[in-house]
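structure-v5.cif follows; it contains mmCIF, C-alpha atoms.
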```cif
data_my_file
#
loop_
_atom_site.label_atom_id
_atom_site.label_comp_id
_atom_site.auth_asym_id
_atom_site.auth_seq_id
_atom_site.Cartn_x
_atom_site.Cartn_y
_atom_site.Cartn_z
CA MET A 1 -15.30 50.63 -85.27
CA SER A 2 -18.06 53.24 -85.54
CA GLU A 3 -18.73 55.23 -88.72
CA TRP A 4 -17.20 58.37 -87.20
CA GLN A 5 -14.03 56.55 -86.22
CA THR A 6 -13.73 55.21 -89.79
CA VAL A 7 -14.17 58.74 -91.20
CA LEU A 8 -11.59 60.08 -88.74
CA VAL A 9 -9.03 57.37 -89.53
CA CYS A 10 -9.53 57.78 -93.31
CA SER A 11 -9.24 61.56 -93.22
CA MET A 12 -6.16 61.48 -90.97
CA THR A 13 -4.54 58.89 -93.26
CA THR A 14 -5.27 61.15 -96.26
CA LEU A 15 -3.79 64.14 -94.42
CA ALA A 16 -0.69 62.12 -93.50
CA GLY A 17 -0.38 61.02 -97.14
CA ILE A 18 -0.53 64.62 -98.35
CA PHE A 19 2.21 65.65 -95.92
CA VAL A 20 4.43 62.67 -96.79
CA TYR A 21 4.09 63.65 -100.46
CA ILE A 22 4.96 67.28 -99.64
CA VAL A 23 8.11 66.17 -97.77
CA TYR A 24 9.07 63.87 -100.67
CA LEU A 25 8.55 66.69 -103.20
CA ASP A 26 10.50 69.12 -101.01
CA LEU A 27 13.50 66.78 -100.83
CA LYS A 28 13.37 66.02 -104.54
CA LEU A 29 13.21 69.73 -105.36
CA LYS A 30 16.21 70.46 -103.16
CA LYS A 31 18.20 67.88 -105.16
CA ALA A 32 17.03 69.34 -108.49
CA GLU A 33 17.83 72.92 -107.38
CA LYS A 34 21.41 71.93 -106.49
CA LYS A 35 22.06 70.66 -110.05
CA MET B 1 13.28 75.14 -90.67
CA GLY B 2 11.17 73.93 -93.57
CA MET B 3 10.71 70.48 -92.05
CA LEU B 4 10.00 71.95 -88.62
CA PHE B 5 7.29 74.16 -90.15
CA LEU B 6 5.80 71.15 -91.94
CA ALA B 7 5.82 69.02 -88.78
CA ALA B 8 4.14 71.82 -86.81
CA LEU B 9 1.56 72.33 -89.57
CA PHE B 10 0.85 68.60 -89.71
CA GLY B 11 0.30 68.50 -85.95
CA PHE B 12 -1.92 71.56 -86.12
CA MET B 13 -4.02 70.23 -88.99
CA THR B 14 -4.35 66.81 -87.37
CA TRP B 15 -5.66 68.49 -84.26
CA THR B 16 -8.04 70.60 -86.36
CA LEU B 17 -9.33 67.51 -88.16
CA TYR B 18 -9.90 65.77 -84.83
CA GLY B 19 -11.66 68.90 -83.57
CA ALA B 20 -13.85 69.08 -86.66
CA LEU B 21 -14.95 65.45 -86.49
CA VAL B 22 -14.96 64.71 -82.75
CA VAL B 23 -14.76 67.79 -80.51
CA THR B 24 -17.32 70.09 -82.14
CA PRO B 25 -21.04 69.44 -81.69
CA PRO B 26 -23.41 69.07 -84.66
CA ALA B 27 -24.90 72.39 -85.85
CA HIS B 28 -28.34 73.51 -84.70
CA VAL B 29 -30.27 73.06 -87.95
CA LEU B 30 -27.95 71.25 -90.33
CA GLY B 31 -26.76 68.59 -87.89
CA GLU B 32 -23.69 66.56 -88.85
CA THR B 33 -23.63 67.90 -92.43
CA ALA B 34 -22.49 71.28 -91.06
CA ARG B 35 -19.06 69.76 -90.35
CA ILE B 36 -18.30 70.54 -93.97
CA ILE B 37 -17.65 74.16 -92.96
CA TYR B 38 -14.28 73.07 -91.53
CA PHE B 39 -13.19 72.10 -95.03
CA HIS B 40 -15.42 73.84 -97.57
CA VAL B 41 -15.17 77.38 -96.20
CA PRO B 42 -11.35 77.29 -95.62
CA VAL B 43 -10.68 76.00 -99.17
CA ALA B 44 -12.97 78.70 -100.62
CA TRP B 45 -11.12 81.26 -98.51
CA VAL B 46 -7.75 79.93 -99.75
CA ALA B 47 -8.99 80.28 -103.35
CA VAL B 48 -9.68 83.97 -102.68
CA LEU B 49 -6.23 84.27 -101.04
CA ALA B 50 -4.56 82.66 -104.06
CA PHE B 51 -6.39 84.94 -106.50
CA THR B 52 -5.28 87.92 -104.39
CA MET B 53 -1.65 86.74 -104.62
CA SER B 54 -2.11 86.39 -108.37
CA LEU B 55 -3.44 89.97 -108.52
CA TRP B 56 -0.51 91.32 -106.50
CA ASN B 57 2.06 89.59 -108.70
CA SER B 58 0.25 90.71 -111.87
CA VAL B 59 0.52 94.33 -110.71
CA VAL B 60 4.26 93.76 -110.16
CA VAL B 61 4.49 92.34 -113.71
CA LEU B 62 2.97 95.51 -115.18
CA ARG B 63 5.16 97.80 -113.09
CA ARG B 64 8.50 96.02 -113.47
CA HIS B 65 7.99 93.61 -116.37
CA SER B 66 9.19 90.82 -114.07
CA TYR B 67 9.25 87.21 -115.33
CA GLU B 68 9.56 86.05 -111.72
CA ALA B 69 6.33 87.85 -110.75
CA ASP B 70 4.58 86.43 -113.81
CA MET B 71 5.58 82.95 -112.73
CA LYS B 72 4.21 83.58 -109.23
CA ALA B 73 0.99 85.06 -110.65
CA GLU B 74 0.44 82.00 -112.82
CA VAL B 75 1.21 79.54 -110.03
CA SER B 76 -1.11 81.34 -107.64
CA ALA B 77 -3.95 81.53 -110.17
CA ARG B 78 -3.54 77.79 -110.86
CA MET B 79 -3.70 77.00 -107.16
CA GLY B 80 -6.70 79.29 -106.73
CA LEU B 81 -8.42 77.40 -109.50
CA TRP B 82 -7.75 74.02 -107.84
CA PHE B 83 -8.96 75.24 -104.46
CA CYS B 84 -12.05 76.66 -106.19
CA VAL B 85 -12.68 73.22 -107.73
CA LEU B 86 -12.36 71.66 -104.25
CA ALA B 87 -14.85 74.19 -102.85
CA THR B 88 -17.28 73.46 -105.70
CA ILE B 89 -17.05 69.69 -105.32
CA SER B 90 -17.33 69.75 -101.52
CA GLY B 91 -20.28 72.15 -101.88
CA ALA B 92 -21.96 69.73 -104.27
CA PHE B 93 -21.64 66.91 -101.71
CA PHE B 94 -23.19 69.15 -99.09
CA ALA B 95 -25.98 70.04 -101.54
CA LYS B 96 -26.70 66.35 -102.09
CA SER B 97 -26.97 65.80 -98.37
CA ALA B 98 -28.95 68.97 -97.53
CA TRP B 99 -31.01 69.57 -100.68
CA ASN B 100 -30.99 66.03 -102.14
CA MET B 101 -29.32 67.22 -105.34
CA TYR B 102 -25.65 67.66 -106.21
CA TRP B 103 -26.53 70.61 -108.42
CA ASN B 104 -29.61 72.81 -108.27
CA TRP B 105 -28.45 76.06 -109.92
CA ASP B 106 -28.26 77.91 -106.62
CA PRO B 107 -26.71 81.42 -107.08
CA ARG B 108 -23.68 80.24 -105.08
CA GLN B 109 -23.13 77.28 -107.37
CA VAL B 110 -23.59 79.36 -110.51
CA SER B 111 -21.34 82.20 -109.37
CA ILE B 112 -18.47 79.87 -108.38
CA THR B 113 -18.79 78.12 -111.75
CA VAL B 114 -18.54 81.46 -113.53
CA LEU B 115 -15.47 82.23 -111.41
CA LEU B 116 -13.92 78.91 -112.46
CA LEU B 117 -14.57 79.76 -116.12
CA VAL B 118 -13.09 83.25 -115.68
CA TYR B 119 -9.83 81.80 -114.33
CA MET B 120 -9.78 78.93 -116.83
CA ALA B 121 -9.84 81.58 -119.55
CA TYR B 122 -6.71 83.09 -117.94
CA PHE B 123 -4.83 79.89 -118.77
CA GLY B 124 -6.42 79.75 -122.22
CA LEU B 125 -5.13 83.25 -122.86
CA ARG B 126 -1.64 82.35 -121.68
CA SER B 127 -1.36 79.26 -123.83
CA ALA B 128 -2.76 81.11 -126.88
CA THR B 129 -0.02 83.76 -126.75
CA PRO B 130 3.34 82.34 -127.85
CA ASP B 131 5.42 85.50 -127.42
CA PHE B 132 6.85 85.65 -123.83
CA ASP B 133 6.67 89.42 -123.34
CA ARG B 134 3.24 89.81 -124.86
CA ARG B 135 1.98 86.82 -122.85
CA ILE B 136 3.04 88.16 -119.47
CA ARG B 137 1.54 91.62 -120.13
CA LEU B 138 -1.77 90.28 -121.44
CA ALA B 139 -2.00 87.71 -118.64
CA ALA B 140 -1.28 90.37 -116.02
CA VAL B 141 -4.01 92.68 -117.34
CA TYR B 142 -6.47 89.79 -117.54
CA ALA B 143 -5.63 88.63 -113.97
CA ILE B 144 -6.34 92.15 -112.68
CA LEU B 145 -9.69 92.25 -114.51
CA ALA B 146 -10.54 88.75 -113.28
CA PHE B 147 -9.82 89.78 -109.72
CA ALA B 148 -12.05 92.83 -110.09
CA VAL B 149 -14.93 90.48 -110.99
CA MET B 150 -14.17 87.95 -108.22
CA PRO B 151 -15.65 89.82 -105.18
CA PHE B 152 -18.96 90.21 -107.01
CA LEU B 153 -19.10 86.50 -107.83
CA VAL B 154 -18.01 85.31 -104.38
CA PHE B 155 -19.49 87.87 -102.01
CA VAL B 156 -22.13 90.04 -103.72
CA ILE B 157 -24.24 88.01 -106.18
CA PRO B 158 -24.97 85.11 -103.76
CA ARG B 159 -26.25 87.64 -101.22
CA VAL B 160 -28.33 89.65 -103.66
CA TYR B 161 -30.34 86.70 -104.98
CA MET B 162 -32.37 84.24 -102.95
CA SER B 163 -30.07 81.33 -102.06
CA LEU B 164 -30.33 78.11 -100.10
CA HIS B 165 -26.68 78.38 -99.12
CA PRO B 166 -26.56 78.27 -95.29
CA ASP B 167 -24.87 81.60 -94.63
CA THR B 168 -26.92 82.19 -91.54
CA ILE B 169 -24.98 79.63 -89.53
CA ILE B 170 -21.68 81.40 -89.99
CA ASN B 171 -22.67 84.93 -90.83
CA ALA B 172 -25.72 85.61 -88.68
CA ASP B 173 -25.60 89.33 -87.89
CA GLY B 174 -22.16 89.32 -89.42
CA GLN B 175 -20.83 88.11 -86.05
CA GLY B 176 -20.96 84.35 -86.43
CA LYS B 177 -23.20 84.25 -83.36
CA LEU B 178 -24.77 80.92 -84.24
CA LEU B 179 -21.40 79.19 -84.09
CA ASP B 180 -20.73 77.46 -80.80
CA ASP B 181 -17.40 78.51 -79.13
CA LYS B 182 -15.75 75.17 -79.91
CA MET B 183 -17.01 75.34 -83.49
CA ARG B 184 -15.66 78.84 -83.92
CA LEU B 185 -12.24 77.86 -82.53
CA VAL B 186 -11.94 74.81 -84.81
CA PHE B 187 -13.24 76.81 -87.78
CA TRP B 188 -10.62 79.55 -87.42
CA CYS B 189 -7.90 76.95 -86.79
CA ALA B 190 -8.96 75.19 -90.02
CA ALA B 191 -8.87 78.51 -91.90
CA ALA B 192 -5.36 79.20 -90.57
CA GLY B 193 -4.19 75.62 -91.23
CA TYR B 194 -5.38 75.64 -94.84
CA SER B 195 -3.85 79.09 -95.38
CA PHE B 196 -0.44 77.87 -94.19
CA LEU B 197 -0.83 74.69 -96.24
CA TYR B 198 -1.51 76.90 -99.25
CA LEU B 199 1.66 78.89 -98.55
CA LYS B 200 3.72 75.69 -98.44
CA LEU B 201 2.13 74.34 -101.64
CA TYR B 202 2.67 77.74 -103.27
CA ASN B 203 6.34 77.64 -102.31
CA LEU B 204 6.73 74.14 -103.77
CA SER B 205 4.84 75.02 -106.96
CA VAL B 206 6.92 78.15 -107.55
CA ARG B 207 10.11 76.09 -107.20
CA VAL B 208 8.83 73.45 -109.62
CA GLU B 209 7.72 76.12 -112.09
CA ARG B 210 11.09 77.92 -111.84
CA ILE B 211 12.96 74.74 -112.81
CA ALA B 212 10.51 74.08 -115.67
CA ARG B 213 10.76 77.64 -117.00
CA ARG B 214 14.56 77.68 -116.84
CA LYS B 215 14.54 74.56 -119.00
CA GLU B 216 12.31 76.41 -121.48
CA GLY B 217 14.76 79.32 -121.58
CA TRP B 218 12.96 81.88 -119.37
CA ASP B 219 15.11 84.23 -117.32
CA VAL B 220 13.70 83.44 -113.84
#
```

What does this structure look like when you write it as structure tokens?
Amino acid sequence: MSEWQTVLVCSMTTLAGIFVYIVYLDLKLKKAEKK
Amino acid sequence: MGMLFLAALFGFMTWTLYGALVVTPPAHVLGETARIIYFHVPVAWVAVLAFTMSLWNSVVVLRRHSYEADMKAEVSARMGLWFCVLATISGAFFAKSAWNMYWNWDPRQVSITVLLLVYMAYFGLRSATPDFDRRIRLAAVYAILAFAVMPFLVFVIPRVYMSLHPDTIINADGQGKLLDDKMRLVFWCAAAGYSFLYLKLYNLSVRVERIARRKEGWDV
């Protein structure tokens, strides 16, 4: 794997992680707002 | 709707990231290091956007004495501060690559640091004022003053003094003429993507803050 491919994979994984966390927070907030 | 928006934003930002790292060519003078503009400039722009939101909500606080607007002003200022930190750190990495030093007291670096201090003081002021009503009024006035200083620190001072910051690549003739078409497309997509990401994060932060403030007894 070239350096650029490594950078691309790492940055896309980070981006995916950020979005997964946003979805998790969104769902958790919806539960807390219902209480 | 919320999830659909997030999925669309994720797809859009993934494409932008791919465009920034693969599709766009290296810049004329700066080479591969110029790819930082697809991250550094959008996050700096989002910081300005967040400070503008903070200003708007602070004006609403003074006009209507609204706790809700105060909450939004605080959340937005906090996010602006974090995006400003991201712009500073990413700028320092660029500086290391282009100028061989993380920090060289360039006017851009100094002015963004002053801006960080100005907005840090906003939170110092808030936490130093225990009375709710006094706190929201003082914070609103301070946020308006801080915003009045911001354009000078971000746009004026770095252009008045000699700076190594590579404005010419993006702002040549004020038209961005030195940006290749692909670069310009990816750049504007990144700016839009980060702006929408900010809006989503802002929405989440306001909801978190609302729950926290209700627990503290605020009427929001």

Answer key for the PyMOL selection byres ((chain B and resi 33-48) around 8), residues as number ranges by chain: B: 20-21, 26-27, 30-32, 49-52, 79-84, 86-87, 90-91, 94, 97-98, 186-187, 190-191, 194-195, 198

Shell around Leu8 in chain A at 8 Å using only C-alpha atoms, local window under 3 positions removed, as a PyMOL selection string: (chain A and resi 4-5+11-12) or (chain B and resi 17-18+21)

Chain B contacts on chain A, all atoms listed in the file, 10 Å, as a ChimeraX atom specification: /A:4-5,7-9,11-13,15-16,18-20,22-23,25-27,29-30,32-33

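CA of Val60 in chain B is positioned 15.9 Å from CA of Ala146 in chain B.
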
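Going from CA of Ala121 in chain B over to CA of Ala139 in chain B, you cover 10.0 Å.
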
Given 6 Å on each side, where is the centre and what are the edge lengths in Å to one decimal of the axis-aligned box enclosing the listed atoms of range 24-40 of chain B, as AutoDock Vina command-line options?
```
--center_x -21.7 --center_y 70.4 --center_z -89.6 --size_x 29.1 --size_y 19.6 --size_z 27.9
```

Option closest in space to Phe5 in chain B, from B:Leu199, B:Val160, B:Ala212, B:Val85 [counting only C-alpha atoms]: B:Leu199

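Computed from the coordinates, the CA of Gln109 in chain B to CA of His28 in chain B distance equals 23.6 Å.
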
Selection under test: the PyMOL selection byres ((chain B and resi 147-150) around 12); residues as a PyMOL selection string: chain B and resi 47-59+73+77+80+84+111-119+122+140-146+151-157

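For the file shown, the residue list from the PyMOL selection byres ((chain B and resi 163) around 10) reads Trp105, Asp106, Pro107, Arg108, Gln109, Ile157, Pro158, Arg159, Val160, Tyr161, Met162, Leu164, His165, Pro166 and Asp167 of chain B.
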
Can you write just those residues out, C-alpha atoms, as a compact mmCIF listing (two decimals), in the frame of the given file?
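As a result, part_36.txt now contains:
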```
# COMPACT_ATOMS: atom_id res chain seq x y z
CA TRP B 105 -28.45 76.06 -109.92
CA ASP B 106 -28.26 77.91 -106.62
CA PRO B 107 -26.71 81.42 -107.08
CA ARG B 108 -23.68 80.24 -105.08
CA GLN B 109 -23.13 77.28 -107.37
CA ILE B 157 -24.24 88.01 -106.18
CA PRO B 158 -24.97 85.11 -103.76
CA ARG B 159 -26.25 87.64 -101.22
CA VAL B 160 -28.33 89.65 -103.66
CA TYR B 161 -30.34 86.70 -104.98
CA MET B 162 -32.37 84.24 -102.95
CA LEU B 164 -30.33 78.11 -100.10
CA HIS B 165 -26.68 78.38 -99.12
CA PRO B 166 -26.56 78.27 -95.29
CA ASP B 167 -24.87 81.60 -94.63
```
